[in-house]
file upload-v3.txt (compact mmCIF, C-alpha atoms)
# COMPACT_ATOMS: atom_id res chain seq x y z
CA MET B 1 23.34 -53.22 -43.25
CA LYS B 2 19.58 -53.31 -42.79
CA ILE B 3 19.98 -53.95 -39.06
CA LYS B 4 22.29 -50.93 -38.66
CA THR B 5 19.80 -48.71 -40.50
CA MET B 6 16.99 -49.78 -38.17
CA THR B 7 19.18 -49.09 -35.14
CA LEU B 8 19.93 -45.57 -36.35
CA ILE B 9 16.23 -44.92 -36.90
CA GLN B 10 15.40 -46.21 -33.42
CA GLN B 11 18.11 -44.01 -31.88
CA SER B 12 16.82 -40.97 -33.77
CA LEU B 13 13.27 -41.63 -32.62
CA ALA B 14 14.43 -42.04 -29.03
CA TRP B 15 16.38 -38.78 -29.21
CA LEU B 16 13.36 -37.00 -30.70
CA ALA B 17 11.10 -38.36 -27.95
CA CYS B 18 13.50 -37.17 -25.25
CA ALA B 19 13.70 -33.72 -26.85
CA LEU B 20 9.92 -33.45 -27.02
CA LEU B 21 9.59 -34.53 -23.38
CA SER B 22 12.21 -32.00 -22.31
CA THR B 23 10.44 -29.23 -24.22
CA ALA B 24 7.11 -30.20 -22.69
CA ALA B 25 8.61 -30.28 -19.20
CA LEU B 26 10.17 -26.85 -19.72
CA ALA B 27 6.88 -25.41 -20.95
CA GLN B 28 5.07 -26.94 -18.00
CA SER B 29 7.55 -25.49 -15.50
CA ARG B 30 7.54 -21.99 -17.06
CA ILE B 31 5.62 -19.44 -15.00
CA GLU B 32 3.67 -16.81 -16.91
CA ILE B 33 1.87 -13.95 -15.17
CA LYS B 34 -0.26 -11.22 -16.74
CA ASP B 35 -0.53 -8.35 -14.28
CA ASP B 36 -3.14 -5.62 -13.84
CA GLN B 37 -1.29 -3.24 -16.14
CA GLY B 38 -1.56 -5.79 -18.94
CA GLN B 39 2.13 -6.70 -18.74
CA THR B 40 3.06 -10.38 -19.17
CA THR B 41 6.21 -11.73 -17.52
CA GLN B 42 7.74 -15.21 -17.49
CA TRP B 43 10.01 -17.18 -15.18
CA THR B 44 11.51 -20.64 -15.37
CA LYS B 45 11.35 -20.91 -11.58
CA ALA B 46 9.72 -19.07 -8.68
CA PRO B 47 11.47 -15.76 -7.82
CA GLN B 48 13.88 -16.00 -4.91
CA ARG B 49 14.41 -12.27 -4.26
CA ILE B 50 11.22 -10.23 -3.92
CA VAL B 51 10.54 -6.54 -3.25
CA THR B 52 7.02 -5.46 -2.25
CA LEU B 53 5.88 -1.84 -2.36
CA LEU B 54 2.40 -2.27 -0.85
CA PRO B 55 1.61 -3.55 2.68
CA SER B 56 -1.19 -5.85 1.52
CA LEU B 57 1.15 -7.50 -0.99
CA THR B 58 3.83 -7.88 1.69
CA GLU B 59 1.33 -9.59 3.99
CA THR B 60 0.08 -11.84 1.20
CA VAL B 61 3.59 -13.00 0.24
CA CYS B 62 4.26 -13.83 3.89
CA GLU B 63 0.93 -15.60 4.35
CA LEU B 64 1.83 -17.78 1.37
CA GLY B 65 5.01 -18.85 3.15
CA ALA B 66 7.51 -16.78 1.17
CA CYS B 67 8.46 -14.13 3.74
CA ASP B 68 12.05 -15.35 3.67
CA LYS B 69 12.23 -14.38 -0.02
CA LEU B 70 11.53 -10.71 0.70
CA VAL B 71 14.61 -8.48 0.41
CA GLY B 72 12.91 -5.08 0.78
CA VAL B 73 9.48 -3.55 1.49
CA ASP B 74 7.75 -0.17 1.43
CA ARG B 75 7.81 2.16 4.44
CA TYR B 76 4.35 1.16 5.66
CA SER B 77 4.79 -2.62 5.61
CA ASN B 78 4.98 -3.60 9.28
CA PHE B 79 3.34 -7.03 9.47
CA PRO B 80 4.37 -9.69 10.19
CA ALA B 81 7.01 -8.37 12.58
CA GLN B 82 9.93 -9.96 10.70
CA VAL B 83 9.51 -7.56 7.76
CA ASN B 84 10.58 -4.69 10.02
CA ARG B 85 14.14 -5.99 9.75
CA LEU B 86 14.15 -5.50 5.98
CA PRO B 87 15.28 -2.38 4.09
CA LYS B 88 12.42 0.15 3.94
CA LEU B 89 12.13 1.58 0.45
CA GLY B 90 9.99 4.67 0.91
CA GLY B 91 6.39 5.38 0.02
CA LEU B 92 4.34 6.47 -2.96
CA ASP B 93 6.09 9.83 -3.36
CA ASP B 94 9.65 8.93 -2.40
CA THR B 95 10.27 5.36 -3.52
CA GLN B 96 14.00 4.63 -3.32
CA VAL B 97 14.53 3.37 -6.85
CA GLU B 98 18.33 3.18 -6.64
CA THR B 99 18.16 1.09 -3.47
CA ILE B 100 15.64 -1.26 -5.10
CA VAL B 101 17.99 -1.75 -8.04
CA SER B 102 20.90 -2.46 -5.67
CA LEU B 103 18.89 -5.24 -4.00
CA LYS B 104 18.79 -7.11 -7.34
CA PRO B 105 15.24 -8.44 -6.95
CA ASP B 106 13.86 -11.11 -9.26
CA VAL B 107 10.53 -9.28 -9.10
CA VAL B 108 9.06 -6.07 -7.70
CA LEU B 109 5.42 -6.32 -6.61
CA LEU B 110 3.47 -3.04 -6.50
CA ALA B 111 0.11 -1.39 -7.12
CA PRO B 112 -0.90 -0.30 -10.65
CA SER B 113 -1.09 3.27 -9.29
CA SER B 114 2.60 3.21 -8.36
CA ARG B 115 4.54 6.05 -10.01
CA VAL B 116 7.76 4.09 -10.38
CA SER B 117 6.67 0.99 -12.31
CA ASP B 118 7.78 2.33 -15.72
CA ARG B 119 11.09 3.57 -14.34
CA LEU B 120 11.83 0.24 -12.68
CA ARG B 121 11.07 -1.59 -15.92
CA SER B 122 13.33 0.82 -17.85
CA LEU B 123 16.14 -0.11 -15.46
CA GLY B 124 15.74 -3.77 -16.35
CA LEU B 125 13.72 -4.94 -13.35
CA THR B 126 10.77 -7.30 -13.60
CA VAL B 127 7.65 -5.62 -12.24
CA VAL B 128 4.26 -7.16 -11.47
CA ALA B 129 1.45 -4.68 -10.71
CA LEU B 130 -1.52 -6.08 -8.80
CA GLU B 131 -4.74 -4.30 -7.81
CA THR B 132 -6.45 -5.05 -4.50
CA LYS B 133 -9.53 -2.90 -4.00
CA SER B 134 -12.28 -5.50 -3.64
CA TYR B 135 -12.90 -9.04 -2.38
CA ALA B 136 -12.68 -10.31 -5.96
CA ASP B 137 -9.33 -8.55 -6.36
CA VAL B 138 -7.93 -10.16 -3.23
CA GLN B 139 -8.99 -13.64 -4.33
CA ARG B 140 -7.54 -13.08 -7.81
CA VAL B 141 -4.24 -11.69 -6.49
CA LEU B 142 -3.88 -14.67 -4.16
CA GLY B 143 -4.18 -16.90 -7.23
CA LYS B 144 -1.59 -14.95 -9.21
CA LEU B 145 0.90 -14.83 -6.34
CA GLY B 146 0.31 -18.49 -5.66
CA GLN B 147 1.15 -19.21 -9.30
CA LEU B 148 4.22 -16.97 -9.16
CA LEU B 149 5.50 -18.50 -5.91
CA GLN B 150 4.50 -22.02 -6.97
CA ILE B 151 2.15 -22.54 -4.01
CA SER B 152 -0.09 -25.52 -4.65
CA ASP B 153 -3.23 -24.27 -2.84
CA ALA B 154 -3.00 -20.50 -2.45
CA GLN B 155 -6.82 -20.33 -2.39
CA ALA B 156 -6.76 -21.99 1.04
CA VAL B 157 -5.90 -18.52 2.35
CA TRP B 158 -9.00 -17.11 0.65
CA ARG B 159 -11.21 -19.83 2.09
CA ARG B 160 -9.92 -19.00 5.57
CA ILE B 161 -10.61 -15.28 5.03
CA ASP B 162 -14.12 -15.98 3.74
CA ALA B 163 -14.93 -18.32 6.64
CA THR B 164 -13.75 -15.78 9.22
CA VAL B 165 -15.82 -13.00 7.64
CA GLY B 166 -18.81 -15.36 7.61
CA ALA B 167 -18.36 -16.11 11.32
CA ALA B 168 -18.16 -12.39 12.08
CA ALA B 169 -21.42 -11.85 10.18
CA GLN B 170 -23.10 -14.59 12.21
CA SER B 171 -22.21 -12.73 15.42
CA ILE B 172 -24.24 -9.61 14.54
CA PRO B 173 -27.54 -9.29 16.47
CA PRO B 174 -30.61 -9.02 14.23
CA GLN B 175 -31.57 -5.65 15.68
CA VAL B 176 -28.27 -4.13 14.54
CA ARG B 177 -28.59 -5.22 10.93
CA GLY B 178 -29.57 -2.35 8.68
CA THR B 179 -27.65 0.24 10.73
CA LEU B 180 -26.73 3.22 8.55
CA VAL B 181 -22.94 3.62 8.64
CA TYR B 182 -20.39 6.19 7.52
CA TYR B 183 -16.83 4.83 7.29
CA GLU B 184 -14.28 7.64 6.95
CA ILE B 185 -10.84 6.59 5.75
CA ASP B 186 -9.32 10.08 5.55
CA ARG B 187 -10.40 13.44 7.00
CA SER B 188 -10.33 15.11 3.53
CA PRO B 189 -12.90 13.44 3.76
CA TYR B 190 -12.61 10.22 1.79
CA ALA B 191 -15.10 7.45 2.51
CA ALA B 192 -15.22 3.69 2.01
CA GLY B 193 -17.84 2.99 -0.64
CA PRO B 194 -19.85 -0.24 -0.96
CA SER B 195 -17.67 -1.51 -3.82
CA SER B 196 -14.47 -1.27 -1.74
CA PHE B 197 -13.29 -4.24 0.31
CA MET B 198 -14.20 -2.28 3.47
CA GLY B 199 -17.67 -1.59 2.12
CA GLU B 200 -18.12 -5.21 1.08
CA THR B 201 -17.26 -6.30 4.62
CA LEU B 202 -19.79 -3.84 6.04
CA THR B 203 -22.46 -5.19 3.70
CA ARG B 204 -21.72 -8.79 4.67
CA LEU B 205 -22.11 -7.80 8.32
CA GLY B 206 -25.55 -6.36 7.59
CA GLY B 207 -24.66 -2.67 7.73
CA ARG B 208 -25.97 -0.07 5.26
CA ASN B 209 -23.44 2.30 3.74
CA ILE B 210 -24.37 5.98 3.32
CA ILE B 211 -22.17 5.99 0.17
CA THR B 212 -23.92 4.77 -2.98
CA PRO B 213 -22.30 2.35 -5.48
CA GLU B 214 -22.04 4.88 -8.32
CA MET B 215 -19.77 7.06 -6.15
CA GLY B 216 -16.96 4.51 -6.45
CA PRO B 217 -14.89 2.52 -3.95
CA PHE B 218 -13.19 5.44 -2.15
CA PRO B 219 -14.91 8.72 -3.06
CA LYS B 220 -13.97 12.15 -1.79
CA ILE B 221 -17.19 13.64 -0.47
CA ASN B 222 -18.63 16.93 0.67
CA PRO B 223 -18.99 16.95 4.49
CA GLU B 224 -22.53 18.24 4.02
CA TYR B 225 -23.33 14.94 2.29
CA VAL B 226 -22.69 13.12 5.58
CA VAL B 227 -24.93 15.57 7.46
CA ARG B 228 -27.76 14.95 4.99
CA ALA B 229 -27.26 11.16 5.04
CA LYS B 230 -27.74 11.02 8.84
CA PRO B 231 -25.61 7.94 9.64
CA GLN B 232 -26.44 6.15 12.87
CA LEU B 233 -22.86 4.97 13.32
CA ILE B 234 -19.47 6.38 12.30
CA MET B 235 -16.31 4.31 11.90
CA ILE B 236 -13.04 6.23 11.84
CA GLY B 237 -9.35 5.82 12.63
CA LYS B 238 -7.74 7.56 15.59
CA ARG B 239 -5.41 9.39 13.17
CA ASN B 240 -8.42 11.22 11.68
CA VAL B 241 -10.78 11.63 14.61
CA GLU B 242 -9.47 14.94 16.00
CA GLY B 243 -12.12 17.64 15.63
CA LEU B 244 -14.82 15.20 14.49
CA TYR B 245 -17.37 16.45 17.04
CA GLN B 246 -16.63 20.09 16.14
CA ARG B 247 -17.21 19.83 12.39
CA PRO B 248 -19.81 22.41 11.27
CA GLY B 249 -23.31 20.99 11.33
CA TRP B 250 -22.20 17.51 12.37
CA ASP B 251 -23.89 17.82 15.76
CA ARG B 252 -27.12 17.12 13.85
CA ILE B 253 -25.87 13.70 12.74
CA PRO B 254 -27.49 10.93 14.85
CA ALA B 255 -24.15 9.11 15.25
CA ILE B 256 -22.55 12.26 16.68
CA ALA B 257 -25.52 13.28 18.80
CA ASN B 258 -25.76 9.79 20.32
CA LYS B 259 -21.97 9.30 20.51
CA ARG B 260 -22.14 6.23 18.30
CA VAL B 261 -18.57 6.47 17.00
CA CYS B 262 -16.09 3.60 16.73
CA VAL B 263 -12.50 4.84 16.79
CA PHE B 264 -9.89 2.37 15.55
CA ASP B 265 -6.38 2.64 16.99
CA ALA B 266 -3.31 2.62 14.74
CA GLU B 267 -2.93 -1.17 14.74
CA GLN B 268 -6.62 -1.75 14.06
CA SER B 269 -6.57 0.89 11.31
CA ASP B 270 -3.72 -0.95 9.58
CA VAL B 271 -5.72 -4.19 9.68
CA MET B 272 -8.86 -2.48 8.38
CA ALA B 273 -7.06 -0.71 5.53
CA ARG B 274 -5.23 -3.67 4.00
CA PRO B 275 -7.01 -5.89 1.49
CA GLY B 276 -5.18 -9.13 2.15
CA PRO B 277 -4.87 -12.07 4.54
CA ARG B 278 -6.11 -10.13 7.60
CA MET B 279 -9.48 -9.19 6.11
CA GLY B 280 -11.14 -11.76 8.36
CA GLU B 281 -9.62 -10.02 11.37
CA ALA B 282 -10.85 -6.68 9.99
CA ALA B 283 -14.37 -8.12 9.79
CA GLN B 284 -14.14 -9.16 13.44
CA ILE B 285 -13.10 -5.63 14.45
CA MET B 286 -15.98 -4.14 12.48
CA ALA B 287 -18.43 -6.69 13.91
CA ARG B 288 -17.34 -5.79 17.44
CA CYS B 289 -18.07 -2.13 16.65
CA LEU B 290 -21.58 -3.01 15.48
CA ARG B 291 -22.24 -5.20 18.52
CA GLU B 292 -21.12 -2.38 20.82
CA LEU B 293 -23.69 -0.17 19.12
CA ASP B 294 -26.34 -2.59 20.35
CA SER B 295 -24.93 -2.57 23.89
CA GLY B 296 -24.44 1.20 23.99
CA ASN B 297 -20.66 0.96 24.48
CA SER B 298 -19.31 2.39 21.22
CA ALA B 299 -15.86 3.88 21.54
CA GLN B 300 -15.62 7.66 21.76
CA PRO B 301 -12.79 10.05 20.93

call {"tool": "encode", "arguments": {"input": "upload-v3.txt", "output": "structure tokens"}}
result
Amino acid sequence: MKIKTMTLIQQSLAWLACALLSTAALAQSRIEIKDDQGQTTQWTKAPQRIVTLLPSLTETVCELGACDKLVGVDRYSNFPAQVNRLPKLGGLDDTQVETIVSLKPDVVLLAPSSRVSDRLRSLGLTVVALETKSYADVQRVLGKLGQLLQISDAQAVWRRIDATVGAAAQSIPPQVRGTLVYYEIDRSPYAAGPSSFMGETLTRLGGRNIITPEMGPFPKINPEYVVRAKPQLIMIGKRNVEGLYQRPGWDRIPAIANKRVCVFDAEQSDVMARPGPRMGEAAQIMARCLRELDSGNSAQP
């Protein structure tokens, strides 16, 4: 009788140990993400059906090796080329919510500024909002997406970006460092401030931004501000360059008077405007612009 009692105790202990191990394994495998809207979501495995509503997030998912898990993207996501075969789900003002729901995604990745995040959540979809305005944001988002997608070393992408930006900085001639630069991102005009990822790249390359830190990452400015700031170089996309030389009073700006204007074509503008895996390439484009300033071959509209 005593032997049987001991056996039952041993079996109970073994069962309890197995249960505890199973619980620990489940807890270890559970994925928990707190996004930039303060929302916490959990998964028991990496999502297999993903919708992205921001080009930089699309590119990051693909760079992390999960492009095949994308089932839909926003209208502007066009890189890598394979995402062009996916359903396009509109832009900021006309996101196709019903189509997103029909795709049955495990997760929708979007910017915190997206106007549809609450609606998507109300329809039962899992939403993760991620902000990418600065270098620190990009590194952090890589970590969160790496965790979500169960990528063991997502920060390898960040190290590659950082190394490429560093190499671009090394290519800048000493005499070009300190050049006063105006980077226009929209003809309204909106500018890239020093706290934006574009501004941070410019700083790493040795350029001086006419926008001051307290003005924010992407301030809307008075055109007269640019005239008073007297930039020596202007960076601008081809989509916005029309009429640049005819703007009132801008003929007094050294960059205009000396035709020191770098005009980025549509493909280059996409690279420059997306805080993600191609930021190293963006730094190389910007560095080439600065080097051309030294050689007197800056692009002109």

call {"tool": "closest_residue", "arguments": {"input": "upload-v3.txt", "among": "B:Ile161, B:Leu148, B:Ala229, B:Leu130", "to": "Val181 of chain B", "atoms": "only C-alpha atoms"}}
result
B:Ala229

call {"tool": "residues_near_point", "arguments": {"input": "upload-v3.txt", "point": "(-4.6, -10.6, -7.2)", "cutoff": "12 Å", "atoms": "only C-alpha atoms", "output": "ChimeraX atom specification"}}
result
/B:33-36,56-57,60-61,109-112,128-148,154-155,158,275-277

call {"tool": "write_last_selection", "arguments": {"input": "upload-v3.txt", "atoms": "C-alpha atoms", "output": "JSON list (two decimals), in the frame of the given file"}}
result
[["chain", "number", "residue", "atom", "x", "y", "z"],
["B", 33, "ILE", "CA", 1.87, -13.95, -15.17],
["B", 34, "LYS", "CA", -0.26, -11.22, -16.74],
["B", 35, "ASP", "CA", -0.53, -8.35, -14.28],
["B", 36, "ASP", "CA", -3.14, -5.62, -13.84],
["B", 56, "SER", "CA", -1.19, -5.85, 1.52],
["B", 57, "LEU", "CA", 1.15, -7.50, -0.99],
["B", 60, "THR", "CA", 0.08, -11.84, 1.20],
["B", 61, "VAL", "CA", 3.59, -13.00, 0.24],
["B", 109, "LEU", "CA", 5.42, -6.32, -6.61],
["B", 110, "LEU", "CA", 3.47, -3.04, -6.50],
["B", 111, "ALA", "CA", 0.11, -1.39, -7.12],
["B", 112, "PRO", "CA", -0.90, -0.30, -10.65],
["B", 128, "VAL", "CA", 4.26, -7.16, -11.47],
["B", 129, "ALA", "CA", 1.45, -4.68, -10.71],
["B", 130, "LEU", "CA", -1.52, -6.08, -8.80],
["B", 131, "GLU", "CA", -4.74, -4.30, -7.81],
["B", 132, "THR", "CA", -6.45, -5.05, -4.50],
["B", 133, "LYS", "CA", -9.53, -2.90, -4.00],
["B", 134, "SER", "CA", -12.28, -5.50, -3.64],
["B", 135, "TYR", "CA", -12.90, -9.04, -2.38],
["B", 136, "ALA", "CA", -12.68, -10.31, -5.96],
["B", 137, "ASP", "CA", -9.33, -8.55, -6.36],
["B", 138, "VAL", "CA", -7.93, -10.16, -3.23],
["B", 139, "GLN", "CA", -8.99, -13.64, -4.33],
["B", 140, "ARG", "CA", -7.54, -13.08, -7.81],
["B", 141, "VAL", "CA", -4.24, -11.69, -6.49],
["B", 142, "LEU", "CA", -3.88, -14.67, -4.16],
["B", 143, "GLY", "CA", -4.18, -16.90, -7.23],
["B", 144, "LYS", "CA", -1.59, -14.95, -9.21],
["B", 145, "LEU", "CA", 0.90, -14.83, -6.34],
["B", 146, "GLY", "CA", 0.31, -18.49, -5.66],
["B", 147, "GLN", "CA", 1.15, -19.21, -9.30],
["B", 148, "LEU", "CA", 4.22, -16.97, -9.16],
["B", 154, "ALA", "CA", -3.00, -20.50, -2.45],
["B", 155, "GLN", "CA", -6.82, -20.33, -2.39],
["B", 158, "TRP", "CA", -9.00, -17.11, 0.65],
["B", 275, "PRO", "CA", -7.01, -5.89, 1.49],
["B", 276, "GLY", "CA", -5.18, -9.13, 2.15],
["B", 277, "PRO", "CA", -4.87, -12.07, 4.54]]

call {"tool": "residues_around", "arguments": {"input": "upload-v3.txt", "residues": "segment 164-170 of chain B", "least_positions_apart": "5", "cutoff": "12 Å", "atoms": "only C-alpha atoms", "output": "PDB file with C-alpha atoms, in the coordinates of the input"}}
result
ATOM      1  CA  TYR B 135     -12.900  -9.040  -2.380  1.00  0.00           C
ATOM      2  CA  VAL B 157      -5.900 -18.520   2.350  1.00  0.00           C
ATOM      3  CA  TRP B 158      -9.000 -17.110   0.650  1.00  0.00           C
ATOM      4  CA  ARG B 159     -11.210 -19.830   2.090  1.00  0.00           C
ATOM      5  CA  VAL B 176     -28.270  -4.130  14.540  1.00  0.00           C
ATOM      6  CA  ARG B 177     -28.590  -5.220  10.930  1.00  0.00           C
ATOM      7  CA  PHE B 197     -13.290  -4.240   0.310  1.00  0.00           C
ATOM      8  CA  MET B 198     -14.200  -2.280   3.470  1.00  0.00           C
ATOM      9  CA  GLU B 200     -18.120  -5.210   1.080  1.00  0.00           C
ATOM     10  CA  THR B 201     -17.260  -6.300   4.620  1.00  0.00           C
ATOM     11  CA  LEU B 202     -19.790  -3.840   6.040  1.00  0.00           C
ATOM     12  CA  THR B 203     -22.460  -5.190   3.700  1.00  0.00           C
ATOM     13  CA  ARG B 204     -21.720  -8.790   4.670  1.00  0.00           C
ATOM     14  CA  LEU B 205     -22.110  -7.800   8.320  1.00  0.00           C
ATOM     15  CA  GLY B 206     -25.550  -6.360   7.590  1.00  0.00           C
ATOM     16  CA  GLY B 207     -24.660  -2.670   7.730  1.00  0.00           C
ATOM     17  CA  PRO B 277      -4.870 -12.070   4.540  1.00  0.00           C
ATOM     18  CA  ARG B 278      -6.110 -10.130   7.600  1.00  0.00           C
ATOM     19  CA  MET B 279      -9.480  -9.190   6.110  1.00  0.00           C
ATOM     20  CA  GLY B 280     -11.140 -11.760   8.360  1.00  0.00           C
ATOM     21  CA  GLU B 281      -9.620 -10.020  11.370  1.00  0.00           C
ATOM     22  CA  ALA B 282     -10.850  -6.680   9.990  1.00  0.00           C
ATOM     23  CA  ALA B 283     -14.370  -8.120   9.790  1.00  0.00           C
ATOM     24  CA  GLN B 284     -14.140  -9.160  13.440  1.00  0.00           C
ATOM     25  CA  ILE B 285     -13.100  -5.630  14.450  1.00  0.00           C
ATOM     26  CA  MET B 286     -15.980  -4.140  12.480  1.00  0.00           C
ATOM     27  CA  ALA B 287     -18.430  -6.690  13.910  1.00  0.00           C
ATOM     28  CA  ARG B 288     -17.340  -5.790  17.440  1.00  0.00           C
ATOM     29  CA  CYS B 289     -18.070  -2.130  16.650  1.00  0.00           C
ATOM     30  CA  LEU B 290     -21.580  -3.010  15.480  1.00  0.00           C
ATOM     31  CA  ARG B 291     -22.240  -5.200  18.520  1.00  0.00           C
TER      32      ARG B 291
END

call {"tool": "closest_residue", "arguments": {"input": "upload-v3.txt", "among": "B:Ser269, B:Thr41, B:Ser188, B:Ser171", "to": "Leu125 of chain B", "atoms": "all atoms listed in the file"}}
result
B:Thr41

call {"tool": "closest_residue", "arguments": {"input": "upload-v3.txt", "among": "B:Asn84, B:Asn209, B:Asn222, B:Thr126", "to": "Leu180 of chain B", "atoms": "only C-alpha atoms"}}
result
B:Asn209

call {"tool": "closest_residue", "arguments": {"input": "upload-v3.txt", "among": "B:Val71, B:Leu293, B:Leu123, B:Leu64", "to": "Ile151 of chain B", "atoms": "all atoms listed in the file"}}
result
B:Leu64

call {"tool": "atom_distance", "arguments": {"input": "upload-v3.txt", "atom1": "atom CA of Ser117 of chain B", "atom2": "atom CA of Gln39 of chain B"}}
result
11.0 Å

call {"tool": "atom_distance", "arguments": {"input": "upload-v3.txt", "atom1": "atom CA of Ile100 of chain B", "atom2": "atom CA of Leu86 of chain B"}}
result
12.0 Å

call {"tool": "residues_around", "arguments": {"input": "upload-v3.txt", "residues": "Tyr225 of chain B", "least_positions_apart": "3", "cutoff": "12 Å", "atoms": "all atoms listed in the file", "output": "ChimeraX atom specification"}}
result
/B:182,189-191,210-212,219-222,228-231,249-250,253

call {"tool": "closest_residue", "arguments": {"input": "upload-v3.txt", "among": "B:Lys69, B:Arg160, B:Arg187, B:Arg85", "to": "Val108 of chain B", "atoms": "only C-alpha atoms"}}
result
B:Lys69

call {"tool": "atom_distance", "arguments": {"input": "upload-v3.txt", "atom1": "atom CA of Gln48 of chain B", "atom2": "atom CA of Gln82 of chain B"}}
result
17.2 Å

call {"tool": "closest_residue", "arguments": {"input": "upload-v3.txt", "among": "B:Gly199, B:Gly91, B:Pro105, B:Pro254", "to": "Ile234 of chain B", "atoms": "only C-alpha atoms"}}
result
B:Pro254

call {"tool": "residues_around", "arguments": {"input": "upload-v3.txt", "residues": "Ala266 of chain B", "least_positions_apart": "2", "cutoff": "12 Å", "atoms": "only C-alpha atoms", "output": "ChimeraX atom specification"}}
result
/B:76,78,236-241,263-264,268-273

call {"tool": "decode", "arguments": {"input": "upload-v3.txt", "residues": "segment 280-292 of chain B", "atoms": "N, CA and C atoms", "output": "PDB file, in the first residue's frame"}}
result
ATOM      1  N   GLY B 280      20.660  54.101 -45.989  1.00  0.00           N
ATOM      2  CA  GLY B 280      22.059  54.154 -46.396  1.00  0.00           C
ATOM      3  C   GLY B 280      22.189  54.611 -47.840  1.00  0.00           C
ATOM      4  N   GLU B 281      21.300  54.112 -48.691  1.00  0.00           N
ATOM      5  CA  GLU B 281      21.282  54.535 -50.090  1.00  0.00           C
ATOM      6  C   GLU B 281      20.928  56.015 -50.189  1.00  0.00           C
ATOM      7  N   ALA B 282      19.989  56.461 -49.357  1.00  0.00           N
ATOM      8  CA  ALA B 282      19.619  57.880 -49.331  1.00  0.00           C
ATOM      9  C   ALA B 282      20.820  58.742 -48.961  1.00  0.00           C
ATOM     10  N   ALA B 283      21.611  58.281 -48.003  1.00  0.00           N
ATOM     11  CA  ALA B 283      22.811  59.019 -47.600  1.00  0.00           C
ATOM     12  C   ALA B 283      23.804  59.118 -48.754  1.00  0.00           C
ATOM     13  N   GLN B 284      23.907  58.061 -49.540  1.00  0.00           N
ATOM     14  CA  GLN B 284      24.812  58.087 -50.691  1.00  0.00           C
ATOM     15  C   GLN B 284      24.345  59.092 -51.739  1.00  0.00           C
ATOM     16  N   ILE B 285      23.032  59.170 -51.957  1.00  0.00           N
ATOM     17  CA  ILE B 285      22.481  60.153 -52.899  1.00  0.00           C
ATOM     18  C   ILE B 285      22.766  61.572 -52.416  1.00  0.00           C
ATOM     19  N   MET B 286      22.540  61.803 -51.129  1.00  0.00           N
ATOM     20  CA  MET B 286      22.785  63.126 -50.563  1.00  0.00           C
ATOM     21  C   MET B 286      24.273  63.470 -50.596  1.00  0.00           C
ATOM     22  N   ALA B 287      25.117  62.491 -50.329  1.00  0.00           N
ATOM     23  CA  ALA B 287      26.566  62.727 -50.361  1.00  0.00           C
ATOM     24  C   ALA B 287      27.026  63.087 -51.772  1.00  0.00           C
ATOM     25  N   ARG B 288      26.451  62.436 -52.772  1.00  0.00           N
ATOM     26  CA  ARG B 288      26.800  62.744 -54.160  1.00  0.00           C
ATOM     27  C   ARG B 288      26.426  64.189 -54.491  1.00  0.00           C
ATOM     28  N   CYS B 289      25.277  64.628 -53.984  1.00  0.00           N
ATOM     29  CA  CYS B 289      24.856  66.022 -54.179  1.00  0.00           C
ATOM     30  C   CYS B 289      25.879  66.982 -53.585  1.00  0.00           C
ATOM     31  N   LEU B 290      26.326  66.705 -52.378  1.00  0.00           N
ATOM     32  CA  LEU B 290      27.304  67.574 -51.723  1.00  0.00           C
ATOM     33  C   LEU B 290      28.643  67.566 -52.454  1.00  0.00           C
ATOM     34  N   ARG B 291      29.063  66.402 -52.928  1.00  0.00           N
ATOM     35  CA  ARG B 291      30.331  66.325 -53.669  1.00  0.00           C
ATOM     36  C   ARG B 291      30.246  67.096 -54.984  1.00  0.00           C
ATOM     37  N   GLU B 292      29.079  67.062 -55.626  1.00  0.00           N
ATOM     38  CA  GLU B 292      28.897  67.795 -56.875  1.00  0.00           C
ATOM     39  C   GLU B 292      28.954  69.298 -56.638  1.00  0.00           C
TER      40      GLU B 292
END
